[in-house]
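See below for work_21.tsv, which holds TSV, N, CA and C atoms.
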chain	number	residue	atom	x	y	z
A	13	MET	N	-46.39	6.66	-28.50
A	13	MET	CA	-45.80	5.65	-27.63
A	13	MET	C	-45.18	6.35	-26.42
A	14	PRO	N	-45.46	5.83	-25.22
A	14	PRO	CA	-44.90	6.46	-24.02
A	14	PRO	C	-43.38	6.26	-23.93
A	15	ARG	N	-42.78	7.17	-23.19
A	15	ARG	CA	-41.33	7.12	-23.01
A	15	ARG	C	-40.95	5.91	-22.16
A	16	SER	N	-39.95	5.17	-22.62
A	16	SER	CA	-39.49	4.00	-21.88
A	16	SER	C	-38.19	4.33	-21.15
A	17	VAL	N	-38.17	4.08	-19.87
A	17	VAL	CA	-37.00	4.38	-19.05
A	17	VAL	C	-36.58	3.10	-18.32
A	18	ASN	N	-35.33	2.81	-18.37
A	18	ASN	CA	-34.84	1.61	-17.67
A	18	ASN	C	-34.55	1.98	-16.21
A	19	ASN	N	-35.61	2.10	-15.45
A	19	ASN	CA	-35.49	2.55	-14.06
A	19	ASN	C	-34.78	1.52	-13.18
A	20	VAL	N	-34.88	0.25	-13.54
A	20	VAL	CA	-34.24	-0.80	-12.75
A	20	VAL	C	-32.72	-0.61	-12.76
A	21	ALA	N	-32.17	-0.38	-13.94
A	21	ALA	CA	-30.72	-0.19	-14.06
A	21	ALA	C	-30.28	1.11	-13.39
A	22	SER	N	-31.06	2.17	-13.56
A	22	SER	CA	-30.72	3.47	-12.95
A	22	SER	C	-30.68	3.36	-11.44
A	23	ARG	N	-31.70	2.71	-10.88
A	23	ARG	CA	-31.76	2.57	-9.43
A	23	ARG	C	-30.61	1.70	-8.93
A	24	ALA	N	-30.31	0.64	-9.68
A	24	ALA	CA	-29.21	-0.26	-9.28
A	24	ALA	C	-27.89	0.50	-9.28
A	25	ARG	N	-27.69	1.36	-10.29
A	25	ARG	CA	-26.45	2.12	-10.38
A	25	ARG	C	-26.32	3.07	-9.18
A	26	ARG	N	-27.42	3.77	-8.87
A	26	ARG	CA	-27.39	4.69	-7.72
A	26	ARG	C	-27.20	3.93	-6.41
A	27	LYS	N	-27.88	2.80	-6.32
A	27	LYS	CA	-27.78	1.99	-5.09
A	27	LYS	C	-26.35	1.50	-4.86
A	28	ARG	N	-25.68	1.13	-5.96
A	28	ARG	CA	-24.30	0.63	-5.85
A	28	ARG	C	-23.37	1.73	-5.33
A	29	ILE	N	-23.54	2.95	-5.86
A	29	ILE	CA	-22.70	4.07	-5.43
A	29	ILE	C	-23.01	4.44	-3.98
A	30	LEU	N	-24.29	4.48	-3.63
A	30	LEU	CA	-24.66	4.84	-2.25
A	30	LEU	C	-24.19	3.78	-1.26
A	31	LYS	N	-24.14	2.52	-1.70
A	31	LYS	CA	-23.63	1.46	-0.83
A	31	LYS	C	-22.13	1.67	-0.57
A	32	LEU	N	-21.40	2.12	-1.61
A	32	LEU	CA	-19.97	2.41	-1.43
A	32	LEU	C	-19.75	3.62	-0.52
A	33	ALA	N	-20.76	4.51	-0.47
A	33	ALA	CA	-20.63	5.74	0.33
A	33	ALA	C	-21.03	5.52	1.79
A	34	LYS	N	-21.38	4.30	2.15
A	34	LYS	CA	-21.79	4.02	3.52
A	34	LYS	C	-20.66	4.34	4.49
A	35	GLY	N	-20.98	5.08	5.54
A	35	GLY	CA	-19.99	5.45	6.53
A	35	GLY	C	-19.41	6.83	6.30
A	36	PHE	N	-19.71	7.45	5.15
A	36	PHE	CA	-19.25	8.81	4.91
A	36	PHE	C	-20.02	9.78	5.79
A	37	PHE	N	-19.47	10.96	6.01
A	37	PHE	CA	-20.07	11.94	6.92
A	37	PHE	C	-21.03	12.86	6.18
A	38	GLY	N	-22.13	13.18	6.83
A	38	GLY	CA	-23.05	14.20	6.32
A	38	GLY	C	-23.75	13.78	5.04
A	39	ARG	N	-23.89	14.75	4.12
A	39	ARG	CA	-24.62	14.48	2.88
A	39	ARG	C	-23.87	13.55	1.95
A	40	LYS	N	-22.61	13.31	2.21
A	40	LYS	CA	-21.83	12.44	1.33
A	40	LYS	C	-22.36	11.02	1.33
A	41	LYS	N	-23.13	10.64	2.34
A	41	LYS	CA	-23.60	9.26	2.40
A	41	LYS	C	-24.97	9.04	1.80
A	42	ASN	N	-25.77	10.12	1.59
A	42	ASN	CA	-27.13	9.86	1.14
A	42	ASN	C	-27.65	10.77	0.03
A	43	VAL	N	-26.92	11.83	-0.34
A	43	VAL	CA	-27.34	12.67	-1.45
A	43	VAL	C	-26.58	12.20	-2.69
A	44	TRP	N	-27.33	11.84	-3.74
A	44	TRP	CA	-26.76	11.17	-4.89
A	44	TRP	C	-25.56	11.88	-5.49
A	45	THR	N	-25.71	13.17	-5.84
A	45	THR	CA	-24.63	13.85	-6.54
A	45	THR	C	-23.39	14.00	-5.65
A	46	VAL	N	-23.60	14.31	-4.39
A	46	VAL	CA	-22.49	14.48	-3.46
A	46	VAL	C	-21.81	13.13	-3.21
A	47	ALA	N	-22.63	12.10	-3.02
A	47	ALA	CA	-22.09	10.76	-2.77
A	47	ALA	C	-21.30	10.26	-3.98
A	48	LYS	N	-21.81	10.51	-5.18
A	48	LYS	CA	-21.14	10.06	-6.40
A	48	LYS	C	-19.75	10.68	-6.50
A	49	ASN	N	-19.66	11.98	-6.25
A	49	ASN	CA	-18.36	12.67	-6.31
A	49	ASN	C	-17.41	12.14	-5.23
A	50	ALA	N	-17.94	11.94	-4.02
A	50	ALA	CA	-17.10	11.47	-2.91
A	50	ALA	C	-16.58	10.06	-3.18
A	51	VAL	N	-17.45	9.19	-3.72
A	51	VAL	CA	-17.04	7.81	-3.99
A	51	VAL	C	-16.00	7.78	-5.11
A	52	GLU	N	-16.22	8.57	-6.17
A	52	GLU	CA	-15.25	8.61	-7.28
A	52	GLU	C	-13.89	9.08	-6.78
A	53	LYS	N	-13.89	10.11	-5.95
A	53	LYS	CA	-12.63	10.63	-5.41
A	53	LYS	C	-11.97	9.59	-4.51
A	54	GLY	N	-12.79	8.93	-3.69
A	54	GLY	CA	-12.26	7.90	-2.79
A	54	GLY	C	-11.66	6.74	-3.54
A	55	LEU	N	-12.32	6.30	-4.63
A	55	LEU	CA	-11.79	5.19	-5.42
A	55	LEU	C	-10.49	5.59	-6.11
A	56	GLY	N	-10.41	6.85	-6.51
A	56	GLY	CA	-9.16	7.35	-7.11
A	56	GLY	C	-8.02	7.34	-6.12
A	57	TYR	N	-8.32	7.79	-4.89
A	57	TYR	CA	-7.30	7.77	-3.84
A	57	TYR	C	-6.88	6.33	-3.53
A	58	ALA	N	-7.85	5.42	-3.50
A	58	ALA	CA	-7.54	4.02	-3.19
A	58	ALA	C	-6.61	3.43	-4.23
A	59	TYR	N	-6.87	3.74	-5.51
A	59	TYR	CA	-6.02	3.23	-6.59
A	59	TYR	C	-4.61	3.81	-6.46
A	60	ARG	N	-4.53	5.13	-6.26
A	60	ARG	CA	-3.23	5.78	-6.15
A	60	ARG	C	-2.43	5.23	-4.95
A	61	ASP	N	-3.12	5.06	-3.83
A	61	ASP	CA	-2.42	4.70	-2.60
A	61	ASP	C	-2.03	3.23	-2.55
A	62	ARG	N	-2.68	2.38	-3.36
A	62	ARG	CA	-2.20	1.00	-3.45
A	62	ARG	C	-0.79	0.98	-4.05
A	63	LYS	N	-0.52	1.89	-4.96
A	63	LYS	CA	0.82	2.00	-5.55
A	63	LYS	C	1.78	2.63	-4.54
A	64	GLN	N	1.33	3.70	-3.87
A	64	GLN	CA	2.19	4.41	-2.93
A	64	GLN	C	2.58	3.54	-1.74
A	65	LYS	N	1.68	2.65	-1.33
A	65	LYS	CA	1.96	1.79	-0.19
A	65	LYS	C	3.21	0.95	-0.44
A	66	LYS	N	3.36	0.48	-1.67
A	66	LYS	CA	4.53	-0.33	-2.02
A	66	LYS	C	5.81	0.49	-1.89
A	67	ARG	N	5.75	1.77	-2.35
A	67	ARG	CA	6.92	2.65	-2.25
A	67	ARG	C	7.26	2.93	-0.79
A	68	GLU	N	6.23	3.19	0.00
A	68	GLU	CA	6.45	3.54	1.40
A	68	GLU	C	7.04	2.37	2.18
A	69	PHE	N	6.56	1.17	1.91
A	69	PHE	CA	7.08	0.01	2.62
A	69	PHE	C	8.54	-0.25	2.27
A	70	ARG	N	8.91	0.01	1.02
A	70	ARG	CA	10.31	-0.15	0.63
A	70	ARG	C	11.20	0.76	1.48
A	71	GLY	N	10.74	2.00	1.72
A	71	GLY	CA	11.48	2.93	2.57
A	71	GLY	C	11.58	2.44	4.01
A	72	VAL	N	10.49	1.86	4.51
A	72	VAL	CA	10.49	1.31	5.87
A	72	VAL	C	11.48	0.17	5.98
A	73	TRP	N	11.47	-0.72	4.97
A	73	TRP	CA	12.39	-1.86	4.99
A	73	TRP	C	13.85	-1.39	4.97
A	74	ILE	N	14.13	-0.38	4.14
A	74	ILE	CA	15.49	0.13	4.04
A	74	ILE	C	15.95	0.70	5.37
A	75	ALA	N	15.05	1.44	6.04
A	75	ALA	CA	15.39	2.03	7.34
A	75	ALA	C	15.69	0.93	8.37
A	76	ARG	N	14.91	-0.13	8.36
A	76	ARG	CA	15.12	-1.23	9.31
A	76	ARG	C	16.41	-1.99	9.03
A	77	ILE	N	16.69	-2.22	7.76
A	77	ILE	CA	17.93	-2.91	7.40
A	77	ILE	C	19.13	-2.04	7.79
A	78	ASN	N	19.03	-0.75	7.53
A	78	ASN	CA	20.11	0.19	7.86
A	78	ASN	C	20.38	0.18	9.37
A	79	ALA	N	19.31	0.21	10.16
A	79	ALA	CA	19.48	0.20	11.62
A	79	ALA	C	20.16	-1.09	12.07
A	80	GLY	N	19.74	-2.22	11.50
A	80	GLY	CA	20.36	-3.50	11.84
A	80	GLY	C	21.80	-3.58	11.40
A	81	ALA	N	22.10	-3.03	10.22
A	81	ALA	CA	23.46	-3.09	9.68
A	81	ALA	C	24.41	-2.22	10.50
A	82	ARG	N	23.95	-1.06	10.94
A	82	ARG	CA	24.81	-0.14	11.69
A	82	ARG	C	25.19	-0.71	13.06
A	83	ILE	N	24.36	-1.55	13.61
A	83	ILE	CA	24.70	-2.23	14.87
A	83	ILE	C	25.97	-3.07	14.67
A	84	HIS	N	26.11	-3.61	13.46
A	84	HIS	CA	27.26	-4.48	13.16
A	84	HIS	C	28.36	-3.74	12.41
A	85	GLY	N	28.32	-2.42	12.40
A	85	GLY	CA	29.41	-1.62	11.84
A	85	GLY	C	29.41	-1.45	10.33
A	86	LEU	N	28.26	-1.64	9.70
A	86	LEU	CA	28.15	-1.44	8.26
A	86	LEU	C	27.04	-0.43	7.99
A	87	SER	N	27.13	0.25	6.85
A	87	SER	CA	26.00	1.08	6.43
A	87	SER	C	25.09	0.22	5.55
A	88	TYR	N	23.94	0.74	5.25
A	88	TYR	CA	22.98	0.00	4.41
A	88	TYR	C	23.59	-0.30	3.05
A	89	SER	N	24.19	0.72	2.43
A	89	SER	CA	24.72	0.53	1.07
A	89	SER	C	25.88	-0.46	1.06
A	90	GLU	N	26.72	-0.41	2.08
A	90	GLU	CA	27.83	-1.38	2.16
A	90	GLU	C	27.28	-2.80	2.29
A	91	LEU	N	26.30	-2.96	3.16
A	91	LEU	CA	25.71	-4.29	3.37
A	91	LEU	C	25.09	-4.82	2.09
A	92	MET	N	24.31	-3.99	1.40
A	92	MET	CA	23.64	-4.44	0.19
A	92	MET	C	24.66	-4.78	-0.91
A	93	GLY	N	25.73	-3.97	-0.99
A	93	GLY	CA	26.77	-4.26	-1.97
A	93	GLY	C	27.46	-5.58	-1.69
A	94	LYS	N	27.75	-5.83	-0.43
A	94	LYS	CA	28.43	-7.08	-0.05
A	94	LYS	C	27.50	-8.28	-0.22
A	95	LEU	N	26.22	-8.11	0.05
A	95	LEU	CA	25.26	-9.20	-0.17
A	95	LEU	C	25.20	-9.55	-1.65
A	96	LYS	N	25.19	-8.52	-2.51
A	96	LYS	CA	25.14	-8.74	-3.96
A	96	LYS	C	26.40	-9.48	-4.42
A	97	LYS	N	27.58	-9.02	-3.92
A	97	LYS	CA	28.85	-9.66	-4.29
A	97	LYS	C	28.91	-11.09	-3.77
A	98	GLY	N	28.40	-11.30	-2.56
A	98	GLY	CA	28.45	-12.62	-1.95
A	98	GLY	C	27.44	-13.60	-2.52
A	99	GLY	N	26.57	-13.10	-3.39
A	99	GLY	CA	25.58	-13.97	-4.03
A	99	GLY	C	24.43	-14.35	-3.14
A	100	ILE	N	24.18	-13.55	-2.11
A	100	ILE	CA	23.05	-13.83	-1.21
A	100	ILE	C	21.84	-13.04	-1.73
A	101	ASP	N	20.85	-13.76	-2.23
A	101	ASP	CA	19.67	-13.12	-2.82
A	101	ASP	C	18.51	-13.14	-1.83
A	102	LEU	N	18.53	-12.17	-0.93
A	102	LEU	CA	17.40	-11.97	-0.03
A	102	LEU	C	16.82	-10.60	-0.32
A	103	ASN	N	15.51	-10.52	-0.45
A	103	ASN	CA	14.93	-9.22	-0.75
A	103	ASN	C	14.84	-8.36	0.51
A	104	ARG	N	14.54	-7.09	0.32
A	104	ARG	CA	14.54	-6.13	1.42
A	104	ARG	C	13.49	-6.47	2.48
A	105	LYS	N	12.36	-7.01	2.05
A	105	LYS	CA	11.30	-7.36	2.99
A	105	LYS	C	11.79	-8.42	3.97
A	106	VAL	N	12.45	-9.44	3.45
A	106	VAL	CA	12.96	-10.54	4.30
A	106	VAL	C	14.08	-10.04	5.19
A	107	LEU	N	15.00	-9.24	4.62
A	107	LEU	CA	16.12	-8.71	5.42
A	107	LEU	C	15.61	-7.84	6.55
A	108	ALA	N	14.60	-7.01	6.27
A	108	ALA	CA	14.05	-6.13	7.30
A	108	ALA	C	13.39	-6.95	8.41
A	109	ASP	N	12.71	-8.02	8.03
A	109	ASP	CA	12.08	-8.89	9.03
A	109	ASP	C	13.13	-9.56	9.90
A	110	LEU	N	14.20	-10.03	9.27
A	110	LEU	CA	15.28	-10.66	10.04
A	110	LEU	C	15.94	-9.65	10.98
A	111	ALA	N	16.19	-8.45	10.49
A	111	ALA	CA	16.85	-7.43	11.31
A	111	ALA	C	16.00	-7.06	12.52
A	112	MET	N	14.69	-7.05	12.33
A	112	MET	CA	13.81	-6.60	13.40
A	112	MET	C	13.42	-7.74	14.36
A	113	ASN	N	13.05	-8.89	13.80
A	113	ASN	CA	12.47	-9.96	14.62
A	113	ASN	C	13.43	-11.12	14.92
A	114	HIS	N	14.48	-11.26	14.12
A	114	HIS	CA	15.43	-12.36	14.31
A	114	HIS	C	16.86	-11.83	14.22
A	115	PRO	N	17.29	-11.05	15.23
A	115	PRO	CA	18.61	-10.43	15.14
A	115	PRO	C	19.76	-11.43	15.03
A	116	GLY	N	19.60	-12.60	15.59
A	116	GLY	CA	20.66	-13.62	15.50
A	116	GLY	C	20.87	-14.07	14.06
A	117	ALA	N	19.79	-14.30	13.35
A	117	ALA	CA	19.88	-14.72	11.95
A	117	ALA	C	20.46	-13.59	11.09
A	118	PHE	N	20.06	-12.36	11.40
A	118	PHE	CA	20.57	-11.21	10.66
A	118	PHE	C	22.07	-11.05	10.89
A	119	GLU	N	22.48	-11.27	12.13
A	119	GLU	CA	23.91	-11.18	12.47
A	119	GLU	C	24.72	-12.23	11.72
A	120	ALA	N	24.16	-13.43	11.58
A	120	ALA	CA	24.85	-14.49	10.85
A	120	ALA	C	25.04	-14.11	9.39
A	121	ILE	N	24.04	-13.47	8.80
A	121	ILE	CA	24.15	-13.02	7.40
A	121	ILE	C	25.23	-11.96	7.28
A	122	VAL	N	25.23	-11.01	8.23
A	122	VAL	CA	26.22	-9.92	8.20
A	122	VAL	C	27.64	-10.49	8.33
A	123	LYS	N	27.81	-11.43	9.24
A	123	LYS	CA	29.15	-12.02	9.45
A	123	LYS	C	29.61	-12.79	8.22
A	124	LYS	N	28.67	-13.40	7.52
A	124	LYS	CA	29.02	-14.17	6.33
A	124	LYS	C	29.56	-13.27	5.22
A	125	VAL	N	29.02	-12.05	5.11
A	125	VAL	CA	29.45	-11.17	4.02
A	125	VAL	C	30.60	-10.23	4.42
A	126	LYS	N	30.86	-10.09	5.70
A	126	LYS	CA	31.91	-9.15	6.15
A	126	LYS	C	33.30	-9.54	5.68
Please express what this file holds, its structure, as structure tokens.
Amino acid sequence: MPRSVNNVASRARRKRILKLAKGFFGRKKNVWTVAKNAVEKGLGYAYRDRKQKKREFRGVWIARINAGARIHGLSYSELMGKLKKGGIDLNRKVLADLAMNHPGAFEAIVKKVK
């Protein structure tokens, strides 16, 4: 009996990886073994960096809130402590947006907790 090979599935698997490698430089886009390694590494970086992006944005928000708070004579930690005591539940993303794009609203919040 001749050897049976599922060439349809093999080709589909290679095609899927090479499609993900589209836009890569040099042999990474069209040589199977090189493309497979590059795509696996890229997907690993993508997974890792989806988590890191959340951490990095938290730092950005804190910096923006701190800058807005210092204009009104408070530090970031003082402002956050007073917001917690005052029962104002606004997350850092919203506070950073207010500090940057709506300074009047941010000032009203600061005055309420001062």
Which polymer residues have any atom within 12 Å of an atom of region 49-66 of chain A, counting only C-alpha atoms, with same-chain residues fewer than 3 positions away left out, as number ranges by chain? A: 26, 28-46, 69-73, 105
Centre, x/y/z edge lengths, axis-aligned box for region 65-81 of chain A with 8 Å per side, as JSON:
{"center_x": 13.0, "center_y": 0.0, "center_z": 4.9, "size_x": 38.7, "size_y": 23.1, "size_z": 30.4}
Which of these, A:Val106, A:Lys124, A:Ala79, A:Gly116, has the shortest distance to Lys94 (chain A) once you count only C-alpha atoms?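 Smallest distance to Lys94 (chain A) is found for A:Lys124.
Counting from atom N of Asn113 (chain A), the distance to atom N of Asp101 (chain A) is 18.5 Å.
Considering the residues A:Ala21, A:Glu68, A:Ile77, A:Pro115 and counting only C-alpha atoms, Asn103 (chain A) has its shortest atom-to-atom contact with A:Ile77.
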Between atom C of Ala108 (chain A) and CA of Arg76 (chain A), what is the distance, to one decimal in Å? 6.0 Å
Could you jot down the atom N of Gly93 (chain A) to atom C of Ala120 (chain A) separation for me, Å, one decimal place? 14.5 Å
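Of the listed residues (A:Ser87, A:Asn78, A:Ser22, A:Ser16), A:Ser87 comes nearest to Lys126 (chain A); the distances count only C-alpha atoms.
Considering all atoms listed in the file, the residue among A:Val17, A:Ile74, A:Leu107, A:Val122 positioned nearest to Tyr88 (chain A) is A:Ile74.
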